[in-house]
Each structure stands twice: as C-alpha cells, then as structure tokens.
$ cat structure_19.cif   # mmCIF, C-alpha atoms
data_start
loop_
_atom_site.label_atom_id
_atom_site.label_comp_id
_atom_site.auth_asym_id
_atom_site.auth_seq_id
_atom_site.Cartn_x
_atom_site.Cartn_y
_atom_site.Cartn_z
CA MET A 1 0.00 0.00 0.00
CA ALA A 2 2.99 2.32 0.48
CA VAL A 3 3.61 2.32 -3.28
CA PHE A 4 0.14 3.73 -3.97
CA GLN A 5 0.55 6.56 -1.41
CA THR A 6 3.82 7.88 -2.89
CA THR A 7 2.53 8.00 -6.48
CA PRO A 8 0.14 10.98 -5.95
CA TRP A 9 2.95 12.88 -4.16
CA ARG A 10 5.31 12.19 -7.02
CA LEU A 11 2.72 13.50 -9.47
CA ILE A 12 2.11 16.64 -7.36
CA SER A 13 5.84 17.32 -6.81
CA GLY A 14 6.56 16.73 -10.51
CA THR A 15 3.80 19.16 -11.51
CA LEU A 16 5.05 21.79 -9.04
CA GLY A 17 8.62 21.31 -10.28
CA LEU A 18 7.47 21.80 -13.88
CA ILE A 19 5.58 24.99 -12.90
CA CYS A 20 8.70 26.32 -11.10
CA LEU A 21 10.81 25.56 -14.15
CA LEU A 22 8.37 27.41 -16.45
CA LEU A 23 8.25 30.40 -14.08
CA ALA A 24 12.06 30.51 -13.92
CA ALA A 25 12.30 30.39 -17.73
CA THR A 26 9.71 33.17 -18.05
CA LEU A 27 11.55 35.28 -15.48
CA GLY A 28 14.82 34.69 -17.37
CA ILE A 29 13.27 35.84 -20.65
CA LEU A 30 11.78 38.95 -19.02
CA TRP A 31 15.09 39.75 -17.28
CA ASN A 32 16.92 39.42 -20.60
CA ASN A 33 14.53 41.87 -22.28
CA ILE A 34 14.89 44.39 -19.47
CA SER A 35 18.67 44.10 -19.23
CA PHE A 36 19.51 44.40 -22.91
CA THR A 37 16.93 46.92 -24.06
CA GLU A 38 18.31 50.43 -24.52
CA PRO A 39 16.88 52.86 -22.01
CA HIS A 40 14.33 55.18 -23.53
CA ASN A 41 15.93 58.32 -22.23
CA GLU A 42 16.88 58.70 -18.65
CA SER A 43 18.02 62.29 -18.90
CA THR A 44 15.69 65.21 -18.87
CA VAL A 45 16.34 68.88 -18.78
CA SER A 46 17.36 69.53 -15.23
CA PRO A 47 17.71 73.31 -15.19
CA GLY A 48 14.27 73.94 -16.67
CA PRO A 49 10.67 73.05 -16.07
CA LYS A 50 9.96 69.39 -15.43
CA LYS A 51 8.86 67.49 -18.51
CA GLU A 52 7.20 64.15 -18.92
CA LEU A 53 7.77 62.67 -22.33
CA GLN A 54 4.66 61.55 -24.13
CA GLU A 55 6.62 59.43 -26.55
CA ALA A 56 9.86 57.67 -25.70
CA SER A 57 12.98 58.17 -27.73
CA ASP A 58 14.01 54.61 -28.59
CA CYS A 59 16.34 55.54 -31.42
CA CYS A 60 18.86 57.77 -29.71
CA TYR A 61 20.66 58.58 -26.51
CA CYS A 62 20.49 62.21 -25.52
CA PRO A 63 23.15 64.01 -23.52
CA GLU A 64 22.51 64.94 -19.93
CA LYS A 65 20.11 67.90 -19.60
CA TRP A 66 18.59 67.17 -23.03
CA VAL A 67 15.11 65.77 -23.69
CA GLY A 68 14.61 62.88 -26.11
CA TYR A 69 11.43 62.91 -28.17
CA ARG A 70 10.61 61.23 -31.51
CA CYS A 71 14.24 60.36 -32.31
CA ASN A 72 15.48 63.88 -31.66
CA CYS A 73 17.19 65.49 -28.70
CA TYR A 74 16.15 68.93 -27.48
CA PHE A 75 17.90 71.33 -25.13
CA ILE A 76 15.52 73.84 -23.59
CA SER A 77 17.58 76.62 -22.05
CA THR A 78 16.80 78.54 -18.92
CA GLU A 79 19.51 81.11 -19.58
CA VAL A 80 18.88 83.97 -21.96
CA ASN A 81 21.06 84.93 -24.92
CA THR A 82 20.82 86.88 -28.14
CA TRP A 83 19.80 84.87 -31.18
CA GLU A 84 23.43 84.68 -32.39
CA GLU A 85 24.75 83.64 -28.95
CA SER A 86 22.03 80.99 -28.81
CA ARG A 87 22.98 79.74 -32.28
CA LYS A 88 26.66 79.52 -31.28
CA PHE A 89 25.80 77.57 -28.14
CA CYS A 90 23.76 75.07 -30.15
CA VAL A 91 26.58 74.66 -32.69
CA SER A 92 29.03 74.02 -29.83
CA GLN A 93 26.72 71.15 -28.79
CA ASN A 94 26.65 69.58 -32.30
CA SER A 95 23.12 70.82 -32.81
CA SER A 96 21.29 73.82 -34.20
CA LEU A 97 18.56 76.15 -33.07
CA LEU A 98 15.22 74.41 -33.40
CA GLN A 99 13.95 74.05 -36.96
CA LEU A 100 10.30 73.11 -36.61
CA GLN A 101 9.00 70.38 -38.89
CA ASN A 102 5.40 70.86 -37.75
CA LYS A 103 3.48 72.65 -35.01
CA ASP A 104 3.16 69.47 -32.94
CA GLU A 105 6.90 68.89 -32.72
CA LEU A 106 7.11 70.30 -29.20
CA ALA A 107 4.12 68.35 -27.89
CA PHE A 108 6.26 67.10 -24.99
CA MET A 109 6.61 70.62 -23.57
CA PRO A 110 4.06 71.94 -21.12
CA SER A 111 1.96 74.67 -22.68
CA ASN A 112 3.26 77.85 -21.13
CA GLN A 113 3.52 81.37 -22.43
CA ARG A 114 7.33 81.39 -22.53
CA PHE A 115 8.91 82.11 -25.91
CA TYR A 116 12.21 80.63 -27.11
CA TRP A 117 14.59 81.48 -29.93
CA ILE A 118 14.38 79.04 -32.81
CA GLY A 119 16.47 78.88 -35.96
CA LEU A 120 14.37 81.22 -38.10
CA SER A 121 15.61 84.68 -39.05
CA TYR A 122 15.19 87.23 -41.81
CA ASN A 123 17.86 87.26 -44.54
CA GLU A 124 18.09 90.84 -45.84
CA GLU A 125 20.17 89.85 -48.90
CA ARG A 126 17.55 87.38 -50.04
CA ALA A 127 14.64 89.45 -48.65
CA ALA A 128 12.97 86.45 -47.05
CA TRP A 129 12.76 84.35 -43.89
CA PHE A 130 15.05 81.31 -43.76
CA TRP A 131 15.96 78.57 -41.34
CA GLU A 132 19.46 78.51 -39.97
CA ASP A 133 20.45 75.81 -42.50
CA GLY A 134 19.38 78.06 -45.39
CA SER A 135 16.10 76.32 -46.19
CA SER A 136 12.90 78.31 -46.60
CA PHE A 137 10.09 77.94 -44.11
CA SER A 138 6.47 77.03 -44.56
CA ARG A 139 3.96 79.87 -44.20
CA ASP A 140 1.60 77.25 -42.74
CA LEU A 141 3.78 77.14 -39.60
CA PHE A 142 3.96 80.91 -39.16
CA PRO A 143 1.13 82.70 -40.97
CA SER A 144 1.53 85.85 -38.87
CA ILE A 145 5.14 86.61 -39.87
CA LYS A 146 5.37 89.72 -42.01
CA PRO A 147 8.11 90.15 -44.60
CA SER A 148 8.75 93.70 -43.39
CA ASP A 149 10.20 92.59 -40.04
CA THR A 150 13.71 92.65 -41.43
CA LYS A 151 16.11 92.75 -38.48
CA ASN A 152 14.18 90.29 -36.38
CA CYS A 153 14.35 86.65 -35.45
CA ILE A 154 11.51 84.35 -34.46
CA LEU A 155 10.54 83.30 -30.96
CA TYR A 156 8.28 80.28 -30.56
CA SER A 157 6.14 79.05 -27.70
CA ALA A 158 4.84 75.58 -26.86
CA THR A 159 1.38 77.13 -27.22
CA LYS A 160 2.12 77.00 -30.98
CA SER A 161 2.39 80.74 -31.31
CA SER A 162 5.26 82.80 -32.62
CA ILE A 163 6.45 86.36 -32.46
CA ASP A 164 9.30 88.23 -34.08
CA GLU A 165 11.68 90.26 -32.01
CA SER A 166 15.04 91.97 -32.43
CA CYS A 167 17.75 89.32 -32.71
CA GLU A 168 19.77 91.37 -30.20
CA ASP A 169 17.21 90.85 -27.44
CA LYS A 170 17.99 88.14 -24.91
CA ASN A 171 15.66 85.17 -24.64
CA PRO A 172 15.85 81.47 -23.78
CA TYR A 173 16.34 79.14 -26.74
CA ILE A 174 15.82 75.57 -27.93
CA CYS A 175 18.55 73.50 -29.58
CA LYS A 176 17.73 70.39 -31.59
CA ARG A 177 19.94 67.45 -32.47
CA GLN A 178 18.40 65.24 -35.13
CA PHE A 179 18.97 61.51 -35.41
CA ILE A 180 17.96 59.87 -38.65
#

$ encode --input "structure_19.cif" --output "structure tokens"
Amino acid sequence: MAVFQTTPWRLISGTLGLICLLLAATLGILWNNISFTEPHNESTVSPGPKKELQEASDCCYCPEKWVGYRCNCYFISTEVNTWEESRKFCVSQNSSLLQLQNKDELAFMPSNQRFYWIGLSYNEERAAWFWEDGSSFSRDLFPSIKPSDTKNCILYSATKSSIDESCEDKNPYICKRQFI
C-alpha cells in the first residue's frame, strides 16, 4: 500500500517542479529583455521646467540635460542669450537652433507662455525668412510673420504661437539634435 501513497505525491511534486521551471524560464526571458533593451531616455532637462515625455525616444541617446522625443534630442535653455549667442551655443553642442517640422513637434513641452529662440531669421540679402540651415520655411507654420520685419528673429512658444523680435534681445532658446 505504500507504493500507492507515494505515487500521488510524485505527481504533485513533478507538476510543481514543472511549474517552477516554467516560471524561472519566463523570469529569465523577461530579465533578458529588461537588461539588454536600450533605455528610452533617462536624462531630462534639469535646469528647466519638469517634462514628462509623451513618446519615448528609442532611437537615440540624448546628452545629460537634453530631452529625447521622436528620435530627436532637445535642449531647452533657462539662460537667456541673443539669437546669435544661442545659435553659437547650439553649434558648440553639435546641434542647431530648433527648426520646426510641424506645429506638434514640441508636444512634450508643457503649454506655457514662454517664448524661445528658434532657428528662423530674416535674410536681408535674399529678402525672405530662412531657417538657420538656409532652407525656406512654410507659411503654414507661421502665418503671422510679415516680410517687413527685417532685423528680427523668431521666438516660438509651446502654445504654438510665434512672435518676431530683435535678434539682439535676450531670450531662452531651444537647440535640436536630429537623429535619422
């Protein structure tokens, strides 16, 4: 009769052993995925307003104090500079002043009334507005810009509004580093 009593215990212990083995394998697979996946972006802008990213930046690592969003890195300054000083800072960081692709590009920023220098200025020789890289801009992005504002540069706000102001005025700025 002793043989019949040990058989159910063997079945139970075998089943529990199999369950433990499956759980250990599952845990190993999950641990592997967590350990070897690139972090989304652990750094955020520390000297500015707190930002929660709506979309992770899986395709790039951003330097400390930069925000990763949609495969780009953004530096949102808290210090104020002229447009040219801002441009030089961005260049020194292997980036450029923000060149907007669309009005939703800064969706990760909280909507505040603060305006920032971006890479759009008036070129008197060509009598038109151009991005820092020399490309022309879309009137759809900035319908309120007048061609007569010749010695000005553009300030942009996360509220999707823009103003032009003397490039010599001091304002915060946004640098952008693109990853393709």

$ closest_atom_pairs --input "structure_19.cif" --of "segment 93-156 of chain A" --to "segment 162-165 of chain A" --cutoff "6 Å" --atoms "all atoms listed in the file" --output "CSV"
residue,atom,partner,partner_atom,distance
A:Asn152,CA,A:Glu165,CA,5.0
A:Cys153,CA,A:Asp164,CA,5.5
A:Ile154,CA,A:Asp164,CA,4.5
A:Leu155,CA,A:Ile163,CA,5.3
A:Tyr156,CA,A:Ser162,CA,4.4

$ resolve_selection --input "structure_19.cif" --expression "the PyMOL selection byres ((chain A and resi 62-64) around 6)" --output "MDAnalysis selection string"
chainID A and resid 43 61 65:66 68 73

$ write_last_selection --input "structure_19.cif" --atoms "C-alpha atoms" --output "mmCIF file, in the coordinates of the input"
data_model
loop_
_atom_site.group_PDB
_atom_site.id
_atom_site.type_symbol
_atom_site.label_atom_id
_atom_site.label_comp_id
_atom_site.auth_asym_id
_atom_site.auth_seq_id
_atom_site.Cartn_x
_atom_site.Cartn_y
_atom_site.Cartn_z
ATOM 1 C CA SER A 43 18.020 62.290 -18.900
ATOM 2 C CA TYR A 61 20.660 58.580 -26.510
ATOM 3 C CA LYS A 65 20.110 67.900 -19.600
ATOM 4 C CA TRP A 66 18.590 67.170 -23.030
ATOM 5 C CA GLY A 68 14.610 62.880 -26.110
ATOM 6 C CA CYS A 73 17.190 65.490 -28.700
#

$ axis_aligned_box --input "structure_19.cif" --around "segment 117-127 of chain A" --padding-each-side "4 Å" --output "AutoDock Vina command-line options"
--center_x 17.3 --center_y 84.9 --center_z -40.0 --size_x 13.8 --size_y 20.0 --size_z 28.1

$ atom_distance --input "structure_19.cif" --atom1 "atom CA of Cys175 of chain A" --atom2 "atom CA of Ile76 of chain A"
6.7 Å

$ resolve_selection --input "structure_19.cif" --expression "the PyMOL selection byres ((chain A and resi 107) around 10)" --output "list in words"
Leu53, Gln54, Glu55, Tyr69, Lys103, Asp104, Glu105, Leu106, Phe108, Met109, Pro110, Ser111, Ala158, Thr159 and Lys160 of chain A

$ residues_around --input "structure_19.cif" --residues "Asp133 of chain A" --least-positions-apart "5" --cutoff "10 Å" --atoms "all atoms listed in the file" --output "list in words"
Ser96, Leu97, Gln99, Gly119 and Leu120 of chain A

$ write_last_selection --input "structure_19.cif" --atoms "C-alpha atoms" --output "CSV table (one decimal), in the frame of the given file"
chain,number,residue,atom,x,y,z
A,96,SER,CA,21.3,73.8,-34.2
A,97,LEU,CA,18.6,76.2,-33.1
A,99,GLN,CA,14.0,74.0,-37.0
A,119,GLY,CA,16.5,78.9,-36.0
A,120,LEU,CA,14.4,81.2,-38.1

$ atom_distance --input "structure_19.cif" --atom1 "atom CA of Gly14 of chain A" --atom2 "atom CA of Leu27 of chain A"
19.8 Å

$ atom_distance --input "structure_19.cif" --atom1 "atom CA of Asn72 of chain A" --atom2 "atom CA of Ser166 of chain A"
28.1 Å

$ closest_residue --input "structure_19.cif" --among "A:Gln113, A:Ile118, A:Lys151, A:Leu30" --to "Ser77 of chain A" --atoms "all atoms listed in the file"
A:Ile118
